>>> print(open('my_file_18.txt').read())   # compact mmCIF, C-alpha atoms and all ligand atoms
# COMPACT_ATOMS: atom_id res chain seq x y z
CA MET A 1 -22.64 9.75 12.05
CA THR A 2 -22.26 6.03 12.50
CA GLY A 3 -22.21 3.93 9.38
CA SER A 4 -24.76 1.15 9.15
CA GLU A 5 -25.79 -0.54 5.92
CA ARG A 6 -27.11 -3.88 4.74
CA VAL A 7 -25.58 -4.37 1.32
CA ALA A 8 -26.88 -7.06 -1.03
CA VAL A 9 -24.31 -8.26 -3.57
CA GLY A 10 -23.99 -10.93 -6.23
CA GLN A 11 -21.01 -12.39 -4.45
CA ALA A 12 -18.96 -11.78 -1.29
CA LEU A 13 -15.34 -12.88 -0.75
CA THR A 14 -14.93 -13.96 2.86
CA PRO A 15 -11.73 -15.55 4.20
CA SER A 16 -13.20 -19.02 3.70
CA GLN A 17 -15.42 -18.76 0.65
CA GLN A 18 -16.88 -16.98 -2.34
CA ARG A 19 -20.45 -16.65 -1.15
CA ALA A 20 -23.02 -16.12 -3.88
CA GLY A 21 -26.10 -14.00 -3.24
CA ALA A 22 -24.88 -12.47 0.02
CA ILE A 23 -25.83 -9.66 2.34
CA VAL A 24 -23.06 -7.81 4.16
CA THR A 25 -24.45 -6.20 7.30
CA ILE A 26 -22.49 -3.35 8.87
CA GLU A 27 -23.66 -1.99 12.23
CA ASP A 28 -21.99 1.00 13.89
CA GLU A 29 -19.02 0.89 11.52
CA THR A 30 -18.38 -2.81 12.20
CA ILE A 31 -19.13 -5.85 10.05
CA GLU A 32 -21.86 -7.77 11.85
CA ALA A 33 -22.51 -10.57 9.38
CA VAL A 34 -21.82 -11.85 5.89
CA GLU A 35 -24.66 -14.24 5.14
CA ALA A 36 -26.61 -15.76 2.30
CA ARG A 37 -29.67 -13.72 1.36
CA SER A 38 -31.79 -16.76 2.02
CA GLU A 39 -30.55 -16.88 5.63
CA THR A 40 -31.87 -13.48 6.60
CA GLU A 41 -35.31 -11.92 6.73
CA ARG A 42 -33.95 -8.41 6.86
CA SER A 43 -34.09 -6.42 3.66
CA PRO A 44 -31.03 -4.67 2.23
CA THR A 45 -30.50 -0.90 2.37
CA ARG A 46 -28.52 -1.07 -0.88
CA ALA A 47 -28.18 -3.60 -3.66
CA TYR A 48 -25.46 -4.27 -6.22
CA PRO A 49 -26.89 -7.36 -7.91
CA ASP A 50 -23.79 -8.01 -10.05
CA GLY A 51 -21.34 -6.66 -7.47
CA ILE A 52 -18.54 -8.58 -5.80
CA ALA A 53 -18.03 -7.44 -2.19
CA ILE A 54 -14.40 -7.59 -1.07
CA PRO A 55 -12.54 -6.05 1.86
CA GLY A 56 -11.43 -2.47 1.12
CA PHE A 57 -7.93 -2.18 -0.33
CA ILE A 58 -5.07 -1.15 1.98
CA ASP A 59 -2.22 0.73 0.25
CA ALA A 60 0.96 0.72 2.34
CA HIS A 61 3.03 2.78 -0.11
CA VAL A 62 1.49 5.82 -1.79
CA HIS A 63 3.10 9.20 -2.56
CA GLY A 64 0.09 11.00 -3.93
CA TYR A 65 -3.10 10.94 -5.92
CA ALA A 66 -5.10 13.19 -8.21
CA GLY A 67 -2.68 16.13 -8.14
CA ASN A 68 -1.98 15.93 -4.41
CA ALA A 69 1.46 14.95 -3.13
CA VAL A 70 2.27 13.69 0.35
CA GLY A 71 4.18 16.45 2.16
CA SER A 72 3.75 19.27 4.64
CA ASP A 73 0.16 20.17 3.71
CA PRO A 74 -2.53 18.29 5.66
CA ASN A 75 -5.16 19.43 3.13
CA LYS A 76 -3.43 17.42 0.44
CA LEU A 77 -3.35 14.33 2.63
CA VAL A 78 -7.07 14.72 3.24
CA ASN A 79 -7.66 15.23 -0.50
CA ILE A 80 -5.77 12.01 -1.27
CA ALA A 81 -7.85 10.12 1.31
CA GLU A 82 -11.08 11.53 -0.12
CA GLU A 83 -10.23 10.96 -3.80
CA VAL A 84 -8.52 7.58 -3.66
CA VAL A 85 -11.71 5.78 -2.60
CA GLU A 86 -12.69 5.80 -6.29
CA THR A 87 -9.97 3.14 -6.70
CA GLY A 88 -11.41 1.01 -3.87
CA VAL A 89 -8.77 1.99 -1.29
CA THR A 90 -10.18 2.32 2.25
CA SER A 91 -6.91 2.65 4.22
CA LEU A 92 -3.64 4.22 3.16
CA PHE A 93 -0.16 4.93 4.45
CA PRO A 94 0.99 8.26 2.98
CA THR A 95 4.63 7.87 1.98
CA THR A 96 7.33 10.53 1.78
CA VAL A 97 10.30 10.55 -0.58
CA SER A 98 13.81 11.43 0.60
CA ALA A 99 13.88 15.07 1.71
CA PRO A 100 15.65 17.38 4.16
CA GLN A 101 14.85 16.75 7.82
CA ASN A 102 12.64 19.85 8.24
CA GLU A 103 10.37 18.60 5.44
CA LEU A 104 10.06 15.15 7.00
CA VAL A 105 9.17 16.70 10.36
CA ALA A 106 6.55 18.82 8.56
CA ALA A 107 5.15 15.69 6.90
CA GLY A 108 4.89 14.09 10.35
CA ALA A 109 2.98 17.09 11.68
CA ALA A 110 0.74 17.15 8.58
CA THR A 111 -0.13 13.48 9.07
CA ALA A 112 -1.09 14.08 12.69
CA ALA A 113 -3.25 17.06 11.63
CA ALA A 114 -4.94 15.12 8.81
CA VAL A 115 -5.68 12.12 11.04
CA ASP A 116 -7.22 14.41 13.66
CA ARG A 117 -9.43 16.12 11.12
CA ASP A 118 -12.91 14.76 10.61
CA HIS A 119 -12.67 13.81 6.95
CA ASP A 120 -14.50 11.60 4.49
CA GLY A 121 -12.85 8.90 2.46
CA ALA A 122 -10.15 6.42 3.28
CA SER A 123 -8.61 6.19 6.71
CA ILE A 124 -5.07 7.56 7.05
CA ALA A 125 -3.43 4.70 8.88
CA GLY A 126 0.04 6.17 9.48
CA LEU A 127 3.03 7.80 7.81
CA HIS A 128 5.65 5.79 5.90
CA LEU A 129 9.07 7.38 5.48
CA GLU A 130 10.70 6.00 2.33
CA GLY A 131 14.21 7.07 3.16
CA PRO A 132 16.10 9.33 3.29
CA TYR A 133 18.43 6.56 4.55
CA LEU A 134 18.87 4.90 1.16
CA ASN A 135 21.79 3.76 -0.98
CA VAL A 136 22.67 6.35 -3.62
CA ASP A 137 23.59 3.54 -6.06
CA GLN A 138 20.01 2.21 -5.93
CA ARG A 139 18.26 5.56 -5.57
CA GLY A 140 15.80 5.17 -8.46
CA ALA A 141 13.87 8.45 -8.45
CA GLN A 142 14.96 9.50 -4.94
CA ASP A 143 16.74 12.87 -4.75
CA PRO A 144 20.47 12.04 -4.34
CA ASP A 145 21.09 15.32 -2.49
CA ALA A 146 18.68 14.28 0.28
CA LEU A 147 20.18 10.83 0.93
CA ARG A 148 22.17 10.28 4.13
CA ASP A 149 23.08 7.71 6.78
CA PRO A 150 20.44 6.68 9.34
CA ALA A 151 20.11 9.04 12.31
CA VAL A 152 18.06 7.93 15.31
CA GLU A 153 17.55 11.51 16.55
CA GLU A 154 16.04 12.52 13.19
CA LEU A 155 13.59 9.63 13.37
CA GLN A 156 12.69 10.65 16.91
CA ALA A 157 11.90 14.21 15.79
CA VAL A 158 9.60 12.99 12.99
CA ALA A 159 7.92 10.53 15.38
CA ASP A 160 7.32 13.34 17.88
CA ALA A 161 5.82 15.59 15.19
CA ALA A 162 3.61 12.74 13.95
CA ASP A 163 2.27 12.26 17.47
CA GLY A 164 1.73 8.51 17.29
CA ASN A 165 1.04 8.46 13.56
CA LEU A 166 4.45 7.41 12.27
CA ALA A 167 4.07 3.79 11.20
CA ARG A 168 7.03 2.74 9.14
CA VAL A 169 10.46 3.64 7.79
CA THR A 170 12.29 2.19 4.76
CA LEU A 171 16.08 2.17 4.81
CA ALA A 172 19.03 0.49 3.13
CA PRO A 173 20.37 -1.91 5.79
CA GLU A 174 23.99 -1.70 4.57
CA LEU A 175 24.37 1.96 5.56
CA THR A 176 26.51 3.00 8.53
CA GLY A 177 24.44 3.00 11.70
CA ALA A 178 21.59 0.98 10.20
CA SER A 179 21.49 -1.80 12.80
CA GLU A 180 21.33 0.62 15.74
CA PHE A 181 18.65 2.57 13.86
CA VAL A 182 16.56 -0.56 13.21
CA LYS A 183 16.71 -1.45 16.91
CA ALA A 184 15.62 2.05 17.94
CA ALA A 185 12.78 2.08 15.42
CA ARG A 186 11.55 -1.36 16.51
CA ASP A 187 11.71 -0.29 20.17
CA GLN A 188 9.33 2.54 19.22
CA GLY A 189 6.92 0.03 17.69
CA LEU A 190 7.66 1.12 14.13
CA ILE A 191 7.63 -1.22 11.16
CA VAL A 192 10.97 -1.23 9.37
CA SER A 193 11.43 -2.15 5.74
CA ALA A 194 14.49 -2.54 3.53
CA GLY A 195 14.71 -0.92 0.12
CA HIS A 196 16.70 1.16 -2.35
CA SER A 197 19.54 -1.09 -1.27
CA ALA A 198 22.67 -2.80 -2.52
CA ALA A 199 22.93 -5.02 0.58
CA ASP A 200 24.51 -8.42 0.10
CA PHE A 201 22.66 -11.58 1.14
CA GLU A 202 24.28 -11.75 4.59
CA THR A 203 23.66 -8.10 5.49
CA ALA A 204 20.04 -8.31 4.36
CA THR A 205 19.49 -11.59 6.24
CA THR A 206 20.91 -10.08 9.44
CA ALA A 207 18.57 -7.09 9.02
CA PHE A 208 15.58 -9.41 8.57
CA ASP A 209 16.66 -11.44 11.62
CA THR A 210 16.72 -8.26 13.73
CA GLY A 211 13.28 -6.89 12.95
CA VAL A 212 13.15 -5.62 9.36
CA SER A 213 9.92 -7.21 8.18
CA ILE A 214 9.18 -5.87 4.69
CA ALA A 215 11.12 -5.59 1.42
CA THR A 216 10.12 -2.30 -0.20
CA HIS A 217 9.07 -2.81 -3.84
CA LEU A 218 10.98 -6.07 -4.24
CA TYR A 219 13.35 -6.08 -7.23
CA ASN A 220 12.96 -2.34 -7.93
CA GLY A 221 15.73 -0.22 -6.39
CA MET A 222 17.78 -3.31 -5.47
CA THR A 223 20.94 -4.93 -6.83
CA GLY A 224 19.93 -7.56 -9.36
CA PHE A 225 19.85 -11.23 -8.39
CA HIS A 226 22.97 -13.24 -9.25
CA HIS A 227 23.38 -16.91 -8.41
CA ARG A 228 26.70 -16.29 -6.64
CA GLU A 229 25.55 -12.93 -5.20
CA PRO A 230 21.85 -13.39 -4.43
CA GLY A 231 21.86 -10.09 -2.51
CA ILE A 232 18.84 -8.49 -0.88
CA ILE A 233 16.49 -9.93 -3.52
CA GLY A 234 17.59 -13.48 -2.69
CA ALA A 235 17.44 -12.80 1.05
CA SER A 236 13.93 -11.33 0.75
CA LEU A 237 12.72 -14.34 -1.21
CA VAL A 238 14.09 -16.99 1.14
CA HIS A 239 13.50 -15.34 4.56
CA GLU A 240 10.10 -16.69 5.48
CA ASP A 241 9.06 -13.88 7.85
CA VAL A 242 9.59 -11.16 5.26
CA THR A 243 6.65 -9.67 3.36
CA VAL A 244 7.56 -8.31 -0.05
CA GLU A 245 5.92 -5.35 -1.77
CA LEU A 246 5.11 -5.81 -5.45
CA ILE A 247 4.19 -3.09 -7.95
CA THR A 248 2.07 -5.00 -10.46
CA ASP A 249 1.65 -2.36 -13.15
CA LEU A 250 3.49 -4.74 -15.53
CA GLN A 251 6.04 -1.94 -16.14
CA HIS A 252 8.08 -2.28 -12.95
CA LEU A 253 8.19 -6.09 -13.07
CA HIS A 254 8.15 -8.83 -15.67
CA PRO A 255 5.26 -11.25 -15.02
CA GLY A 256 7.86 -13.97 -14.40
CA ALA A 257 9.38 -11.95 -11.54
CA ILE A 258 5.92 -11.65 -9.97
CA GLU A 259 5.41 -15.41 -10.33
CA LEU A 260 8.82 -16.08 -8.76
CA ALA A 261 7.88 -13.98 -5.71
CA LEU A 262 4.52 -15.74 -5.45
CA SER A 263 6.05 -19.20 -5.58
CA ALA A 264 8.90 -18.39 -3.18
CA LYS A 265 6.84 -16.49 -0.62
CA GLY A 266 3.26 -17.65 -1.12
CA PRO A 267 0.61 -14.98 -1.62
CA GLU A 268 0.38 -14.48 2.16
CA ARG A 269 3.79 -12.75 2.08
CA CYS A 270 3.24 -10.78 -1.14
CA MET A 271 1.73 -7.32 -0.63
CA LEU A 272 0.44 -5.21 -3.48
CA VAL A 273 1.32 -1.52 -3.31
CA THR A 274 0.78 1.24 -5.84
CA ASP A 275 3.82 3.50 -5.16
CA ALA A 276 1.50 6.01 -6.84
CA ILE A 277 2.58 9.62 -7.32
CA ALA A 278 0.47 12.78 -7.50
CA ALA A 279 0.00 12.30 -11.27
CA THR A 280 -2.10 9.19 -10.63
CA GLY A 281 -5.67 9.65 -11.79
CA LEU A 282 -4.59 12.53 -14.07
CA PRO A 283 -3.66 12.65 -17.78
CA ASP A 284 -0.12 12.16 -19.13
CA GLY A 285 2.11 15.23 -18.69
CA GLU A 286 4.86 16.81 -16.61
CA TYR A 287 4.76 16.41 -12.85
CA SER A 288 7.12 16.21 -9.90
CA LEU A 289 8.06 13.70 -7.22
CA GLY A 290 9.55 15.60 -4.31
CA GLU A 291 12.24 17.79 -5.89
CA MET A 292 12.53 15.60 -8.99
CA ASP A 293 10.93 16.41 -12.36
CA VAL A 294 8.90 13.59 -13.80
CA VAL A 295 7.19 12.97 -17.12
CA VAL A 296 4.23 10.61 -17.45
CA GLU A 297 3.78 9.00 -20.87
CA ASP A 298 1.18 6.31 -21.53
CA GLY A 299 0.70 6.16 -17.78
CA THR A 300 4.38 5.36 -17.09
CA SER A 301 6.16 7.85 -14.84
CA ARG A 302 9.88 8.48 -15.38
CA LEU A 303 12.51 10.96 -14.20
CA VAL A 304 13.20 13.61 -16.82
CA GLU A 305 16.88 13.47 -15.84
CA ASP A 306 17.75 9.84 -16.58
CA GLY A 307 14.54 7.98 -17.46
CA SER A 308 14.41 5.97 -14.19
CA LEU A 309 10.96 4.76 -13.25
CA ALA A 310 9.62 7.34 -10.80
CA GLY A 311 6.89 5.79 -8.69
CA SER A 312 3.85 4.76 -10.69
CA THR A 313 0.37 5.81 -11.72
CA LEU A 314 -0.97 2.42 -10.70
CA THR A 315 -4.24 2.09 -8.82
CA MET A 316 -5.16 -0.88 -6.63
CA ASP A 317 -8.08 -1.97 -8.80
CA ASN A 318 -5.69 -2.01 -11.78
CA ALA A 319 -3.11 -3.97 -9.78
CA ILE A 320 -5.74 -6.64 -9.08
CA ARG A 321 -6.94 -6.74 -12.69
CA ASN A 322 -3.37 -7.20 -13.94
CA LEU A 323 -2.81 -10.17 -11.64
CA VAL A 324 -6.08 -11.83 -12.61
CA GLU A 325 -6.10 -11.06 -16.33
CA GLU A 326 -2.39 -11.13 -17.21
CA ILE A 327 -0.85 -13.47 -14.61
CA GLY A 328 -3.85 -15.77 -14.26
CA LEU A 329 -4.18 -15.53 -10.50
CA ASP A 330 -7.61 -16.28 -9.02
CA LEU A 331 -9.52 -13.27 -7.74
CA PRO A 332 -9.62 -14.23 -4.02
CA THR A 333 -5.81 -14.61 -3.97
CA ALA A 334 -5.23 -11.31 -5.78
CA VAL A 335 -7.65 -9.53 -3.43
CA ARG A 336 -5.99 -11.03 -0.39
CA MET A 337 -2.65 -9.53 -1.49
CA ALA A 338 -4.21 -6.05 -1.38
CA THR A 339 -6.24 -6.47 1.83
CA ASP A 340 -5.41 -9.15 4.41
CA VAL A 341 -1.68 -9.25 3.57
CA PRO A 342 -1.08 -5.48 4.00
CA ALA A 343 -3.30 -5.44 7.12
CA ARG A 344 -1.11 -8.07 8.77
CA ALA A 345 2.21 -6.69 7.51
CA MET A 346 1.31 -3.17 8.65
CA GLY A 347 -0.14 -4.20 12.02
CA LEU A 348 -3.80 -3.34 11.35
CA ASP A 349 -5.64 -6.18 13.07
CA ASP A 350 -9.08 -4.55 12.84
CA ARG A 351 -9.43 -4.77 9.03
CA GLY A 352 -8.46 -6.58 5.86
CA ARG A 353 -11.14 -9.29 5.70
CA LEU A 354 -14.92 -9.52 5.36
CA GLU A 355 -15.38 -10.98 8.80
CA PRO A 356 -17.72 -10.15 11.69
CA GLY A 357 -16.10 -7.83 14.23
CA LEU A 358 -13.78 -6.11 11.75
CA ARG A 359 -14.18 -2.56 10.41
CA GLY A 360 -16.93 -2.06 7.89
CA ASP A 361 -14.54 -1.27 5.04
CA VAL A 362 -15.94 -2.84 1.88
CA THR A 363 -15.25 -2.36 -1.81
CA ILE A 364 -17.75 -3.47 -4.44
CA LEU A 365 -16.27 -4.55 -7.76
CA ASP A 366 -18.31 -5.28 -10.83
CA GLU A 367 -17.79 -8.28 -13.06
CA ASP A 368 -14.94 -6.66 -15.01
CA LEU A 369 -13.25 -5.83 -11.68
CA THR A 370 -13.75 -2.08 -11.80
CA VAL A 371 -14.85 -0.29 -8.64
CA GLN A 372 -18.59 0.17 -8.34
CA ALA A 373 -18.75 1.46 -4.78
CA THR A 374 -16.55 1.97 -1.73
CA ILE A 375 -17.71 1.81 1.88
CA VAL A 376 -15.58 3.06 4.78
CA GLY A 377 -16.71 2.32 8.31
CA GLY A 378 -20.17 1.45 7.03
CA GLU A 379 -20.58 4.70 5.10
CA VAL A 380 -20.80 4.70 1.33
CA VAL A 381 -18.06 7.19 0.35
CA TYR A 382 -17.98 6.49 -3.40
CA GLU A 383 -20.44 5.23 -5.95
CA ARG A 384 -19.55 5.18 -9.64
CA GLY A 385 -21.50 7.70 -11.64
CA GLN A 386 -22.42 9.71 -8.54
CA ALA A 387 -19.36 11.97 -8.42
ZN ZN A 401 7.94 4.91 -3.31
>>> encode(input="my_file_18.txt", output="structure tokens", more="lines below")
Ligand SMILES: [Zn+2]
Amino acid sequence: MTGSERVAVGQALTPSQQRAGAIVTIEDETIEAVEARSETERSPTRAYPDGIAIPGFIDAHVHGYAGNAVGSDPNKLVNIAEEVVETGVTSLFPTTVSAPQNELVAAGAATAAAVDRDHDGASIAGLHLEGPYLNVDQRGAQDPDALRDPAVEELQAVADAADGNLARVTLAPELTGASEFVKAARDQGLIVSAGHSAADFETATTAFDTGVSIATHLYNGMTGFHHREPGIIGASLVHEDVTVELITDLQHLHPGAIELALSAKGPERCMLVTDAIAATGLPDGEYSLGEMDVVVEDGTSRLVEDGSLAGSTLTMDNAIRNLVEEIGLDLPTAVRMATDVPARAMGLDDRGRLEPGLRGDVTILDEDLTVQATIVGGEVVYERGQA
């Protein structure tokens, strides 16, 4: 089935403008045109008169959704992809937590199997390994027993199992063997990010100079900023090629910390991620993140053991609403941070904007910025109230 729709909306956010009264035409899974209704004779196949058409969200850091955790089971990956479209996400990078090598290899194989399967919902764009090469002092909710120094041969085994679907690895650049590991990962075409790290400014800067391109959830799981020891936070903020992840649930970060990142980096280097765990989309209660027990209270997920924040239950539509309603960012900028910015940072040059020639991945928000409909490759995969 090839997706073709002509969708009439109240407004469409293209890279250059907020176009009122638009029609987005998708032919054979590809955006053909975004034009004013008055410019075209053709009638729409669907209409969302109050809807705002934006590019579909791209989540580069997600551990689970709706009771399904990223791991060795391809069915769960497919379930995440199929369910998460209700939050407007059209592409995702399933993300592991630190685990023994056999489990990471199994996650690689599961990703390859899920990508190969003909499934509905969001596209599974590649696996992200968050660790296990992380600093125990900045472990957050990562299992301390699974943490270890970087090992190129382990990465190779996961990459082989993933069969071309390993996209990214997060490590702490101060660990023994990190620079050799970064080189090997870059040679394989992988994206490398720095996180759960106590690196000093110089070590982090060297890592960024040698191919580490993303700071994983900036501020969280990092040594705090000090004016004489700016550390990895300072290095991430001043290195202009680095894209920083931000978790904008307003629990992980003070609004002022978000504003600091925006003013230092510009929105084009600030990428919204959810870091969502399997409890996301479910009621408060007891859950797990890898081997760690987690309790979710008022939507905030913490380790039972020590109360550390343990991922989030944030959704992308919520992340956008928080930026617009609580931080005062304009909608096009907030949307860009969840679409074009992750597309560029994660190497997806066929999506991320409402632009002719790109994939027909479109999310329709209503006026209060909740998701009304989600379109992947020209196919409507979610419509509110039609579950
Ligand atoms: Zn995470």
>>> closest_atom_pairs(input="my_file_18.txt", of="stretch 169-274 of chain A", to="stretch 116-130 of chain A", cutoff="12 Å", atoms="only C-alpha atoms", output="tab-separated table")
residue	atom	partner	partner_atom	distance
A:Val169	CA	A:Leu129	CA	4.6
A:Thr170	CA	A:Glu130	CA	4.8
A:Leu171	CA	A:Glu130	CA	7.1
A:Ala172	CA	A:Glu130	CA	10.0
A:Ala185	CA	A:Leu129	CA	11.9
A:Leu190	CA	A:His128	CA	9.7
A:Ile191	CA	A:His128	CA	9.0
A:Val192	CA	A:His128	CA	9.5
A:Ser193	CA	A:Glu130	CA	8.9
A:Ala194	CA	A:Glu130	CA	9.4
A:Gly195	CA	A:Glu130	CA	8.3
A:His196	CA	A:Glu130	CA	9.0
A:Ser197	CA	A:Glu130	CA	11.9
A:Ala215	CA	A:Glu130	CA	11.6
A:Thr216	CA	A:Glu130	CA	8.7
A:His217	CA	A:Glu130	CA	10.9
A:Gly221	CA	A:Glu130	CA	11.8
>>> residues_near_ligand(input="my_file_18.txt", ligand="ligand ZN 401 (chain A)", cutoff="8 Å", atoms="all atoms listed in the file", output="PyMOL selection string")
chain A and resi 61-63+95-97+130+217+275-276+311
>>> write_last_selection(input="my_file_18.txt", atoms="C-alpha atoms", output="PDB file, in the coordinates of the input")
ATOM      1  CA  HIS A  61       3.030   2.780  -0.110  1.00  0.00           C
ATOM      2  CA  VAL A  62       1.490   5.820  -1.790  1.00  0.00           C
ATOM      3  CA  HIS A  63       3.100   9.200  -2.560  1.00  0.00           C
ATOM      4  CA  THR A  95       4.630   7.870   1.980  1.00  0.00           C
ATOM      5  CA  THR A  96       7.330  10.530   1.780  1.00  0.00           C
ATOM      6  CA  VAL A  97      10.300  10.550  -0.580  1.00  0.00           C
ATOM      7  CA  GLU A 130      10.700   6.000   2.330  1.00  0.00           C
ATOM      8  CA  HIS A 217       9.070  -2.810  -3.840  1.00  0.00           C
ATOM      9  CA  ASP A 275       3.820   3.500  -5.160  1.00  0.00           C
ATOM     10  CA  ALA A 276       1.500   6.010  -6.840  1.00  0.00           C
ATOM     11  CA  GLY A 311       6.890   5.790  -8.690  1.00  0.00           C
TER      12      GLY A 311
END
>>> closest_residue(input="my_file_18.txt", among="A:Ile80, A:Arg321, A:Val212, A:Asp187", to="A:Glu367", atoms="all atoms listed in the file")
A:Arg321
>>> residues_around(input="my_file_18.txt", residues="A:Ile23", least_positions_apart="2", cutoff="7 Å", atoms="all atoms listed in the file", output="PDB file with C-alpha atoms, keeping the file's coordinate frame")
ATOM      1  CA  ARG A   6     -27.110  -3.880   4.740  1.00  0.00           C
ATOM      2  CA  VAL A   7     -25.580  -4.370   1.320  1.00  0.00           C
ATOM      3  CA  ALA A   8     -26.880  -7.060  -1.030  1.00  0.00           C
ATOM      4  CA  VAL A   9     -24.310  -8.260  -3.570  1.00  0.00           C
ATOM      5  CA  THR A  25     -24.450  -6.200   7.300  1.00  0.00           C
ATOM      6  CA  VAL A  34     -21.820 -11.850   5.890  1.00  0.00           C
ATOM      7  CA  GLU A  35     -24.660 -14.240   5.140  1.00  0.00           C
ATOM      8  CA  ALA A  36     -26.610 -15.760   2.300  1.00  0.00           C
ATOM      9  CA  ARG A  37     -29.670 -13.720   1.360  1.00  0.00           C
TER      10      ARG A  37
END
>>> atom_distance(input="my_file_18.txt", atom1="atom CA of A:Thr243", atom2="atom CA of A:Thr274")
15.4 Å
>>> closest_residue(input="my_file_18.txt", among="A:Ala110, A:Met316, A:Ile232, A:Val341", to="A:Leu365", atoms="only C-alpha atoms")
A:Met316
>>> closest_residue(input="my_file_18.txt", among="A:Val324, A:Leu166, A:Ile375, A:Leu354", to="A:Ile31", atoms="all atoms listed in the file")
A:Leu354
>>> atom_distance(input="my_file_18.txt", atom1="atom CA of A:His252", atom2="atom CA of A:Ser91")
23.3 Å
>>> closest_residue(input="my_file_18.txt", among="A:Glu229, A:Glu326, A:Asp59, A:Glu83", to="A:Leu348", atoms="all atoms listed in the file")
A:Asp59
>>> closest_residue(input="my_file_18.txt", among="A:Gly67, A:Gly177, A:Pro74, A:Gly211", to="A:Ala114", atoms="only C-alpha atoms")
A:Pro74
>>> closest_residue(input="my_file_18.txt", among="A:Ala319, A:Leu358, A:Ala264, A:Ala33", to="A:Leu331", atoms="all atoms listed in the file")
A:Ala319
>>> closest_atom_pairs(input="my_file_18.txt", of="stretch 210-280 of chain A", to="stretch 290-301 of chain A", cutoff="9 Å", atoms="only C-alpha atoms", output="Markdown table")
| residue | atom | partner | partner_atom | distance |
| --- | --- | --- | --- | --- |
| A:Gln251 | CA | A:Thr300 | CA | 7.5 |
| A:Ile277 | CA | A:Ser301 | CA | 8.5 |
| A:Ala279 | CA | A:Val296 | CA | 7.7 |
| A:Thr280 | CA | A:Gly299 | CA | 8.3 |
>>> residues_near_point(input="my_file_18.txt", point="(9.7, -10.3, -7.5)", cutoff="10 Å", atoms="all atoms listed in the file", output="list in words")
His217, Leu218, Tyr219, Asn220, Ile233, Gly234, Ser236, Leu237, Val244, Glu245, Leu246, Ile247, Thr248, His252, Leu253, His254, Pro255, Gly256, Ala257, Ile258, Glu259, Leu260, Ala261, Leu262, Ser263, Ala264, Lys265 and Cys270 of chain A
>>> write_last_selection(input="my_file_18.txt", atoms="C-alpha atoms", output="mmCIF file, in the coordinates of the input")
data_model
loop_
_atom_site.group_PDB
_atom_site.id
_atom_site.type_symbol
_atom_site.label_atom_id
_atom_site.label_comp_id
_atom_site.auth_asym_id
_atom_site.auth_seq_id
_atom_site.Cartn_x
_atom_site.Cartn_y
_atom_site.Cartn_z
ATOM 1 C CA HIS A 217 9.070 -2.810 -3.840
ATOM 2 C CA LEU A 218 10.980 -6.070 -4.240
ATOM 3 C CA TYR A 219 13.350 -6.080 -7.230
ATOM 4 C CA ASN A 220 12.960 -2.340 -7.930
ATOM 5 C CA ILE A 233 16.490 -9.930 -3.520
ATOM 6 C CA GLY A 234 17.590 -13.480 -2.690
ATOM 7 C CA SER A 236 13.930 -11.330 0.750
ATOM 8 C CA LEU A 237 12.720 -14.340 -1.210
ATOM 9 C CA VAL A 244 7.560 -8.310 -0.050
ATOM 10 C CA GLU A 245 5.920 -5.350 -1.770
ATOM 11 C CA LEU A 246 5.110 -5.810 -5.450
ATOM 12 C CA ILE A 247 4.190 -3.090 -7.950
ATOM 13 C CA THR A 248 2.070 -5.000 -10.460
ATOM 14 C CA HIS A 252 8.080 -2.280 -12.950
ATOM 15 C CA LEU A 253 8.190 -6.090 -13.070
ATOM 16 C CA HIS A 254 8.150 -8.830 -15.670
ATOM 17 C CA PRO A 255 5.260 -11.250 -15.020
ATOM 18 C CA GLY A 256 7.860 -13.970 -14.400
ATOM 19 C CA ALA A 257 9.380 -11.950 -11.540
ATOM 20 C CA ILE A 258 5.920 -11.650 -9.970
ATOM 21 C CA GLU A 259 5.410 -15.410 -10.330
ATOM 22 C CA LEU A 260 8.820 -16.080 -8.760
ATOM 23 C CA ALA A 261 7.880 -13.980 -5.710
ATOM 24 C CA LEU A 262 4.520 -15.740 -5.450
ATOM 25 C CA SER A 263 6.050 -19.200 -5.580
ATOM 26 C CA ALA A 264 8.900 -18.390 -3.180
ATOM 27 C CA LYS A 265 6.840 -16.490 -0.620
ATOM 28 C CA CYS A 270 3.240 -10.780 -1.140
#
>>> residues_near_point(input="my_file_18.txt", point="(4.3, 13.3, 8.6)", cutoff="8 Å", atoms="only C-alpha atoms", output="PDB file with C-alpha atoms, in the coordinates of the input")
ATOM      1  CA  GLY A  71       4.180  16.450   2.160  1.00  0.00           C
ATOM      2  CA  SER A  72       3.750  19.270   4.640  1.00  0.00           C
ATOM      3  CA  THR A  96       7.330  10.530   1.780  1.00  0.00           C
ATOM      4  CA  LEU A 104      10.060  15.150   7.000  1.00  0.00           C
ATOM      5  CA  VAL A 105       9.170  16.700  10.360  1.00  0.00           C
ATOM      6  CA  ALA A 106       6.550  18.820   8.560  1.00  0.00           C
ATOM      7  CA  ALA A 107       5.150  15.690   6.900  1.00  0.00           C
ATOM      8  CA  GLY A 108       4.890  14.090  10.350  1.00  0.00           C
ATOM      9  CA  ALA A 109       2.980  17.090  11.680  1.00  0.00           C
ATOM     10  CA  ALA A 110       0.740  17.150   8.580  1.00  0.00           C
ATOM     11  CA  THR A 111      -0.130  13.480   9.070  1.00  0.00           C
ATOM     12  CA  ALA A 112      -1.090  14.080  12.690  1.00  0.00           C
ATOM     13  CA  LEU A 127       3.030   7.800   7.810  1.00  0.00           C
ATOM     14  CA  VAL A 158       9.600  12.990  12.990  1.00  0.00           C
ATOM     15  CA  ALA A 161       5.820  15.590  15.190  1.00  0.00           C
ATOM     16  CA  ALA A 162       3.610  12.740  13.950  1.00  0.00           C
ATOM     17  CA  ASN A 165       1.040   8.460  13.560  1.00  0.00           C
ATOM     18  CA  LEU A 166       4.450   7.410  12.270  1.00  0.00           C
TER      19      LEU A 166
END
